[in-house]
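Reading through the structure tokens given below for one structure.
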Amino acid sequence: MAAAVGYDDVKVGDELPRLVIGPLTRQDIVQYAGAAWDFSPLHYDQPFVEAAGLPNVVVMGMFTAGMASRCITDFAGAGQVRDYKVRFVARLYPGDTITCTGRVTRKFQAGGERLVEGELLVTNQKGEVAISGSFRAALG
Amino acid sequence: MVDRSYIGLCSRTFTMPIEWGKVREFARAIKDPNPAYMDPEFARRVHGGIPIPPTFLMTSMAWEIPEWESGRVIQLDYGNGVHGEQEFELLRPIFVGDVLSWTQRIADIYEKAGARGGLMKFAVIEGNYFNQRGEHVAISRSVMIEFPPKASAA
């Protein structure tokens, strides 16, 4: 496995590369629905969401979490994530643009691996938090 | 409506192969152009195989539905409930070519007072994934939340 960054080069407090994605479209949502087999009508059926009192179809939380996971894999390398946890705070809709940021909060060694832990935040274009998360990843 | 009697309910064992086409499709859907998922030659040279994105095990749902759908198993009121949290603990590397087997289990159901009164119910659904060598490779934890019933309009 190959890490993108070396353990010795990382300090607690270091920021992950900031990632901006969007504006998100209905096509993006449908593409994720197909890839993840997530066919709740909440994510594609306009009459259904209007009947439920929502302004628009909703971006799946796990779609946003998937996009945000790239923040960690761009930093630590693909296949290096050991734990990824997200809490869904607010809904996102088509037209929204997300910004993913993160930072390292801990460095330690365990199980023969050199690990970092950190926090992750996804906000929309108004700065409102959509997801707050945490991660653990192995570095080289 | 969710209640604690569902704790311990467990699915049968499901099995799925980790396929490059699906990994690539998923990576494209989450807008991750990492060559680890797109270029098998690169992936083998650099990573020792084609790895999976951190949330890729969401695709295992396609192998469970319609037989097992956690929200229905716990009788979640979908009009009044949400997927609140999700965690993937990745214990060992998972590569394209692996075959994973897993079960889903209602690990816990608990209540907390809601901010606007009433009781919020939380259900923790845990999936334990093993590879073709019997190694425990991943744990998924979903938290489904049901809000207090809305007051009747009548």
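We name chains A, B, ... following the order of the structure tokens; residues begin at 1 in each chain, and ligands are numbered from 1 as shown.
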For chain A, list the residues within 6 Å of chain B, counting only C-alpha atoms, and write the list as a PyMOL selection string.
chain A and resi 1-2+31-32+35-37+66-67+79+82-88
Write out the residues from the selection above, keeping C-alpha atoms, as an mmCIF file, in the first residue's frame.
```cif
data_model
loop_
_atom_site.group_PDB
_atom_site.id
_atom_site.type_symbol
_atom_site.label_atom_id
_atom_site.label_comp_id
_atom_site.auth_asym_id
_atom_site.auth_seq_id
_atom_site.Cartn_x
_atom_site.Cartn_y
_atom_site.Cartn_z
ATOM 1 C CA MET A 1 0.000 0.000 0.000
ATOM 2 C CA ALA A 2 1.262 3.455 -0.772
ATOM 3 C CA GLN A 31 -25.406 8.839 -11.007
ATOM 4 C CA TYR A 32 -24.656 8.147 -7.330
ATOM 5 C CA ALA A 35 -23.649 3.413 -8.413
ATOM 6 C CA ALA A 36 -24.671 2.870 -4.774
ATOM 7 C CA TRP A 37 -28.128 1.345 -5.457
ATOM 8 C CA GLY A 66 -18.210 9.814 -0.443
ATOM 9 C CA MET A 67 -17.142 13.056 -2.117
ATOM 10 C CA GLY A 79 -6.543 2.311 0.568
ATOM 11 C CA ARG A 82 -8.759 2.787 8.538
ATOM 12 C CA ASP A 83 -11.861 4.480 9.916
ATOM 13 C CA TYR A 84 -14.273 7.057 8.548
ATOM 14 C CA LYS A 85 -17.252 8.309 10.506
ATOM 15 C CA VAL A 86 -19.785 10.934 9.470
ATOM 16 C CA ARG A 87 -22.734 12.618 11.127
ATOM 17 C CA PHE A 88 -25.348 14.168 8.876
#
```
As a PDB file with N, CA and C atoms, in the first residue's frame, please: all residues of region 42-153 of chain B that backbone DSSP puts in strand (DSSP E or B).
```pdb
ATOM      1  N   PRO B  51      -7.593  -0.724  -4.777  1.00  0.00           N
ATOM      2  CA  PRO B  51      -8.275  -0.569  -3.488  1.00  0.00           C
ATOM      3  C   PRO B  51      -9.704  -0.055  -3.685  1.00  0.00           C
ATOM      4  N   GLY B  81     -38.087   9.862  10.000  1.00  0.00           N
ATOM      5  CA  GLY B  81     -36.795   9.308  10.410  1.00  0.00           C
ATOM      6  C   GLY B  81     -35.713   9.641   9.405  1.00  0.00           C
ATOM      7  N   VAL B  82     -34.486   9.554   9.843  1.00  0.00           N
ATOM      8  CA  VAL B  82     -33.354   9.848   8.957  1.00  0.00           C
ATOM      9  C   VAL B  82     -32.181   8.907   9.248  1.00  0.00           C
ATOM     10  N   HIS B  83     -31.289   8.830   8.262  1.00  0.00           N
ATOM     11  CA  HIS B  83     -29.988   8.201   8.441  1.00  0.00           C
ATOM     12  C   HIS B  83     -29.122   9.257   9.125  1.00  0.00           C
ATOM     13  N   GLY B  84     -28.791   9.042  10.391  1.00  0.00           N
ATOM     14  CA  GLY B  84     -28.127  10.093  11.155  1.00  0.00           C
ATOM     15  C   GLY B  84     -26.613  10.059  11.104  1.00  0.00           C
ATOM     16  N   GLU B  85     -26.072   8.840  11.140  1.00  0.00           N
ATOM     17  CA  GLU B  85     -24.614   8.686  11.164  1.00  0.00           C
ATOM     18  C   GLU B  85     -24.224   7.430  10.401  1.00  0.00           C
ATOM     19  N   GLN B  86     -22.986   7.437   9.936  1.00  0.00           N
ATOM     20  CA  GLN B  86     -22.450   6.246   9.269  1.00  0.00           C
ATOM     21  C   GLN B  86     -20.969   6.148   9.565  1.00  0.00           C
ATOM     22  N   GLU B  87     -20.526   4.939   9.855  1.00  0.00           N
ATOM     23  CA  GLU B  87     -19.100   4.713  10.078  1.00  0.00           C
ATOM     24  C   GLU B  87     -18.649   3.473   9.325  1.00  0.00           C
ATOM     25  N   PHE B  88     -17.455   3.543   8.738  1.00  0.00           N
ATOM     26  CA  PHE B  88     -16.808   2.355   8.191  1.00  0.00           C
ATOM     27  C   PHE B  88     -15.451   2.213   8.870  1.00  0.00           C
ATOM     28  N   GLU B  89     -15.298   1.090   9.565  1.00  0.00           N
ATOM     29  CA  GLU B  89     -14.007   0.759  10.135  1.00  0.00           C
ATOM     30  C   GLU B  89     -13.375  -0.244   9.176  1.00  0.00           C
ATOM     31  N   LEU B  90     -12.228   0.108   8.618  1.00  0.00           N
ATOM     32  CA  LEU B  90     -11.592  -0.741   7.602  1.00  0.00           C
ATOM     33  C   LEU B  90     -10.382  -1.405   8.252  1.00  0.00           C
ATOM     34  N   PHE B  95      -9.303  -5.429  -1.724  1.00  0.00           N
ATOM     35  CA  PHE B  95      -8.911  -5.182  -3.110  1.00  0.00           C
ATOM     36  C   PHE B  95      -9.931  -5.791  -4.066  1.00  0.00           C
ATOM     37  N   VAL B  99     -13.631 -11.511  -2.311  1.00  0.00           N
ATOM     38  CA  VAL B  99     -15.048 -11.842  -2.194  1.00  0.00           C
ATOM     39  C   VAL B  99     -15.412 -11.661  -0.724  1.00  0.00           C
ATOM     40  N   LEU B 100     -16.354 -10.761  -0.468  1.00  0.00           N
ATOM     41  CA  LEU B 100     -16.719 -10.457   0.916  1.00  0.00           C
ATOM     42  C   LEU B 100     -18.031 -11.136   1.299  1.00  0.00           C
ATOM     43  N   SER B 101     -18.097 -11.592   2.538  1.00  0.00           N
ATOM     44  CA  SER B 101     -19.329 -12.133   3.112  1.00  0.00           C
ATOM     45  C   SER B 101     -19.627 -11.357   4.383  1.00  0.00           C
ATOM     46  N   TRP B 102     -20.899 -11.118   4.630  1.00  0.00           N
ATOM     47  CA  TRP B 102     -21.237 -10.305   5.803  1.00  0.00           C
ATOM     48  C   TRP B 102     -22.659 -10.582   6.277  1.00  0.00           C
ATOM     49  N   THR B 103     -22.909 -10.159   7.511  1.00  0.00           N
ATOM     50  CA  THR B 103     -24.268 -10.136   8.051  1.00  0.00           C
ATOM     51  C   THR B 103     -24.543  -8.728   8.565  1.00  0.00           C
ATOM     52  N   GLN B 104     -25.790  -8.373   8.623  1.00  0.00           N
ATOM     53  CA  GLN B 104     -26.217  -7.116   9.250  1.00  0.00           C
ATOM     54  C   GLN B 104     -26.996  -7.485  10.502  1.00  0.00           C
ATOM     55  N   ARG B 105     -26.788  -6.700  11.552  1.00  0.00           N
ATOM     56  CA  ARG B 105     -27.430  -7.011  12.830  1.00  0.00           C
ATOM     57  C   ARG B 105     -27.916  -5.721  13.475  1.00  0.00           C
ATOM     58  N   ILE B 106     -29.073  -5.778  14.087  1.00  0.00           N
ATOM     59  CA  ILE B 106     -29.555  -4.629  14.863  1.00  0.00           C
ATOM     60  C   ILE B 106     -28.789  -4.681  16.182  1.00  0.00           C
ATOM     61  N   ALA B 107     -27.746  -3.855  16.290  1.00  0.00           N
ATOM     62  CA  ALA B 107     -26.820  -3.955  17.423  1.00  0.00           C
ATOM     63  C   ALA B 107     -27.362  -3.280  18.668  1.00  0.00           C
ATOM     64  N   ASP B 108     -28.095  -2.179  18.479  1.00  0.00           N
ATOM     65  CA  ASP B 108     -28.603  -1.464  19.657  1.00  0.00           C
ATOM     66  C   ASP B 108     -29.764  -0.558  19.251  1.00  0.00           C
ATOM     67  N   ILE B 109     -30.651  -0.347  20.174  1.00  0.00           N
ATOM     68  CA  ILE B 109     -31.712   0.659  20.015  1.00  0.00           C
ATOM     69  C   ILE B 109     -31.826   1.369  21.355  1.00  0.00           C
ATOM     70  N   TYR B 110     -31.758   2.699  21.312  1.00  0.00           N
ATOM     71  CA  TYR B 110     -31.850   3.449  22.570  1.00  0.00           C
ATOM     72  C   TYR B 110     -32.610   4.751  22.336  1.00  0.00           C
ATOM     73  N   GLU B 111     -33.010   5.353  23.441  1.00  0.00           N
ATOM     74  CA  GLU B 111     -33.815   6.581  23.356  1.00  0.00           C
ATOM     75  C   GLU B 111     -33.088   7.735  24.032  1.00  0.00           C
ATOM     76  N   LYS B 112     -33.337   8.937  23.535  1.00  0.00           N
ATOM     77  CA  LYS B 112     -32.819  10.151  24.184  1.00  0.00           C
ATOM     78  C   LYS B 112     -33.919  11.193  24.103  1.00  0.00           C
ATOM     79  N   ALA B 113     -33.942  12.096  25.076  1.00  0.00           N
ATOM     80  CA  ALA B 113     -34.927  13.172  25.019  1.00  0.00           C
ATOM     81  C   ALA B 113     -34.607  14.085  23.842  1.00  0.00           C
ATOM     82  N   LEU B 119     -39.408  11.690  22.822  1.00  0.00           N
ATOM     83  CA  LEU B 119     -38.238  10.821  22.814  1.00  0.00           C
ATOM     84  C   LEU B 119     -37.763  10.564  21.391  1.00  0.00           C
ATOM     85  N   MET B 120     -36.477  10.746  21.161  1.00  0.00           N
ATOM     86  CA  MET B 120     -35.879  10.361  19.891  1.00  0.00           C
ATOM     87  C   MET B 120     -35.357   8.943  20.039  1.00  0.00           C
ATOM     88  N   LYS B 121     -35.545   8.144  18.977  1.00  0.00           N
ATOM     89  CA  LYS B 121     -35.069   6.761  19.035  1.00  0.00           C
ATOM     90  C   LYS B 121     -33.900   6.587  18.077  1.00  0.00           C
ATOM     91  N   PHE B 122     -32.895   5.905  18.555  1.00  0.00           N
ATOM     92  CA  PHE B 122     -31.683   5.664  17.765  1.00  0.00           C
ATOM     93  C   PHE B 122     -31.507   4.160  17.585  1.00  0.00           C
ATOM     94  N   ALA B 123     -31.291   3.726  16.348  1.00  0.00           N
ATOM     95  CA  ALA B 123     -31.021   2.315  16.078  1.00  0.00           C
ATOM     96  C   ALA B 123     -29.637   2.205  15.449  1.00  0.00           C
ATOM     97  N   VAL B 124     -28.817   1.332  16.018  1.00  0.00           N
ATOM     98  CA  VAL B 124     -27.472   1.103  15.477  1.00  0.00           C
ATOM     99  C   VAL B 124     -27.481  -0.219  14.730  1.00  0.00           C
ATOM    100  N   ILE B 125     -27.168  -0.163  13.441  1.00  0.00           N
ATOM    101  CA  ILE B 125     -27.117  -1.376  12.620  1.00  0.00           C
ATOM    102  C   ILE B 125     -25.661  -1.642  12.278  1.00  0.00           C
ATOM    103  N   GLU B 126     -25.210  -2.848  12.601  1.00  0.00           N
ATOM    104  CA  GLU B 126     -23.791  -3.162  12.422  1.00  0.00           C
ATOM    105  C   GLU B 126     -23.618  -4.270  11.405  1.00  0.00           C
ATOM    106  N   GLY B 127     -22.760  -4.031  10.413  1.00  0.00           N
ATOM    107  CA  GLY B 127     -22.408  -5.058   9.427  1.00  0.00           C
ATOM    108  C   GLY B 127     -20.974  -5.497   9.657  1.00  0.00           C
ATOM    109  N   ASN B 128     -20.736  -6.809   9.697  1.00  0.00           N
ATOM    110  CA  ASN B 128     -19.377  -7.337   9.866  1.00  0.00           C
ATOM    111  C   ASN B 128     -18.982  -8.092   8.606  1.00  0.00           C
ATOM    112  N   TYR B 129     -17.907  -7.629   7.967  1.00  0.00           N
ATOM    113  CA  TYR B 129     -17.496  -8.132   6.652  1.00  0.00           C
ATOM    114  C   TYR B 129     -16.223  -8.970   6.774  1.00  0.00           C
ATOM    115  N   PHE B 130     -16.224 -10.126   6.087  1.00  0.00           N
ATOM    116  CA  PHE B 130     -15.074 -11.041   6.077  1.00  0.00           C
ATOM    117  C   PHE B 130     -14.669 -11.298   4.626  1.00  0.00           C
ATOM    118  N   HIS B 136     -11.473 -10.797   9.099  1.00  0.00           N
ATOM    119  CA  HIS B 136     -12.438  -9.736   9.386  1.00  0.00           C
ATOM    120  C   HIS B 136     -11.891  -8.447   8.777  1.00  0.00           C
ATOM    121  N   VAL B 137     -12.517  -7.943   7.714  1.00  0.00           N
ATOM    122  CA  VAL B 137     -11.925  -6.814   6.991  1.00  0.00           C
ATOM    123  C   VAL B 137     -12.607  -5.475   7.268  1.00  0.00           C
ATOM    124  N   ALA B 138     -13.864  -5.493   7.668  1.00  0.00           N
ATOM    125  CA  ALA B 138     -14.544  -4.202   7.844  1.00  0.00           C
ATOM    126  C   ALA B 138     -15.758  -4.330   8.753  1.00  0.00           C
ATOM    127  N   ILE B 139     -16.064  -3.216   9.400  1.00  0.00           N
ATOM    128  CA  ILE B 139     -17.298  -3.105  10.189  1.00  0.00           C
ATOM    129  C   ILE B 139     -18.014  -1.839   9.727  1.00  0.00           C
ATOM    130  N   SER B 140     -19.284  -1.953   9.418  1.00  0.00           N
ATOM    131  CA  SER B 140     -20.060  -0.745   9.127  1.00  0.00           C
ATOM    132  C   SER B 140     -21.047  -0.527  10.265  1.00  0.00           C
ATOM    133  N   ARG B 141     -21.214   0.743  10.635  1.00  0.00           N
ATOM    134  CA  ARG B 141     -22.209   1.087  11.651  1.00  0.00           C
ATOM    135  C   ARG B 141     -23.078   2.217  11.125  1.00  0.00           C
ATOM    136  N   SER B 142     -24.376   1.950  11.042  1.00  0.00           N
ATOM    137  CA  SER B 142     -25.326   2.995  10.636  1.00  0.00           C
ATOM    138  C   SER B 142     -26.165   3.344  11.839  1.00  0.00           C
ATOM    139  N   VAL B 143     -26.408   4.618  12.011  1.00  0.00           N
ATOM    140  CA  VAL B 143     -27.352   5.037  13.047  1.00  0.00           C
ATOM    141  C   VAL B 143     -28.566   5.632  12.345  1.00  0.00           C
ATOM    142  N   MET B 144     -29.728   5.017  12.569  1.00  0.00           N
ATOM    143  CA  MET B 144     -30.987   5.537  12.047  1.00  0.00           C
ATOM    144  C   MET B 144     -31.697   6.230  13.205  1.00  0.00           C
ATOM    145  N   ILE B 145     -32.279   7.391  12.918  1.00  0.00           N
ATOM    146  CA  ILE B 145     -32.933   8.175  13.975  1.00  0.00           C
ATOM    147  C   ILE B 145     -34.413   8.321  13.649  1.00  0.00           C
ATOM    148  N   GLU B 146     -35.260   8.089  14.652  1.00  0.00           N
ATOM    149  CA  GLU B 146     -36.695   8.358  14.498  1.00  0.00           C
ATOM    150  C   GLU B 146     -37.052   9.463  15.488  1.00  0.00           C
TER     151      GLU B 146
END
```
Pro23 (chain A) proximity check over A:Ile98, A:Val81, A:Ala110, A:Ala51, using only C-alpha atoms: winner is A:Ile98
Those in chain A with alpha helix (DSSP H) from DSSP, as an mmCIF file with C-alpha atoms, in the first residue's frame:
```cif
data_model
loop_
_atom_site.group_PDB
_atom_site.id
_atom_site.type_symbol
_atom_site.label_atom_id
_atom_site.label_comp_id
_atom_site.auth_asym_id
_atom_site.auth_seq_id
_atom_site.Cartn_x
_atom_site.Cartn_y
_atom_site.Cartn_z
ATOM 1 C CA ARG A 26 -29.626 16.190 -10.365
ATOM 2 C CA GLN A 27 -27.532 14.145 -12.750
ATOM 3 C CA ASP A 28 -24.827 13.807 -10.073
ATOM 4 C CA ILE A 29 -27.459 12.547 -7.631
ATOM 5 C CA VAL A 30 -28.894 10.047 -10.108
ATOM 6 C CA GLN A 31 -25.406 8.839 -11.007
ATOM 7 C CA TYR A 32 -24.656 8.147 -7.330
ATOM 8 C CA ALA A 33 -28.083 6.502 -6.872
ATOM 9 C CA GLY A 34 -27.199 4.030 -9.611
ATOM 10 C CA ALA A 35 -23.649 3.413 -8.413
ATOM 11 C CA ALA A 36 -24.671 2.870 -4.774
ATOM 12 C CA GLN A 46 -39.961 15.786 -7.437
ATOM 13 C CA PRO A 47 -43.716 15.205 -6.745
ATOM 14 C CA PHE A 48 -42.740 12.906 -3.859
ATOM 15 C CA VAL A 49 -40.458 15.446 -2.177
ATOM 16 C CA GLU A 50 -42.964 18.279 -2.672
ATOM 17 C CA ALA A 51 -45.664 16.171 -1.007
ATOM 18 C CA GLY A 61 -25.781 12.065 2.852
ATOM 19 C CA MET A 62 -23.598 9.151 1.809
ATOM 20 C CA PHE A 63 -22.994 10.762 -1.595
ATOM 21 C CA THR A 64 -21.660 13.842 0.179
ATOM 22 C CA ALA A 65 -19.672 11.627 2.577
ATOM 23 C CA GLY A 66 -18.210 9.814 -0.443
ATOM 24 C CA MET A 67 -17.142 13.056 -2.117
ATOM 25 C CA ALA A 68 -15.664 14.278 1.156
ATOM 26 C CA SER A 69 -13.694 11.036 1.665
ATOM 27 C CA ARG A 70 -11.457 12.193 -1.182
ATOM 28 C CA CYS A 71 -10.131 14.849 1.198
ATOM 29 C CA ILE A 72 -8.612 12.011 3.245
ATOM 30 C CA THR A 73 -7.486 9.786 0.365
ATOM 31 C CA ASP A 74 -5.854 12.733 -1.458
ATOM 32 C CA PHE A 75 -3.922 13.346 1.750
ATOM 33 C CA ALA A 76 -3.180 9.813 2.988
#
```
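Comparing B:Glu135, B:Met1, B:Lys150, B:Ser11 by their smallest distance to Pro66 (chain B), the closest is B:Ser11 (using only C-alpha atoms).
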With a distance cut-off of 10 Å and only C-alpha atoms, select the neighbouring residues of region 126-128 of chain A, excluding the residue or stretch itself and same-chain residues fewer than 4 positions from it, and output the selection as JSON, numbers by chain.
{"A": [89, 90, 91, 92, 96, 97, 98, 99, 122]}
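If you look at CA of Val2 (chain B) and CA of Gly117 (chain B), they are 17.5 Å away from each other.
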Point out the residue among A:Gly111, A:Gly6, A:Ala138, A:Gln125 with the least atom-to-atom distance to Val20 (chain A), counting only C-alpha atoms.
A:Gln125
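CA of Leu24 (chain A) sits 15.5 Å away from CA of Pro55 (chain A).
You can rank A:Val12, A:Ile21, A:Val5, A:Ala78 by their closest distance to Glu117 (chain A) using only C-alpha atoms, and at the top of that list sits A:Val12.
Using only C-alpha atoms for every distance, the candidate list B:Ile74, B:Met38, B:Asp98, B:Gly114 yields B:Ile74 as the residue closest to Cys10 (chain B).
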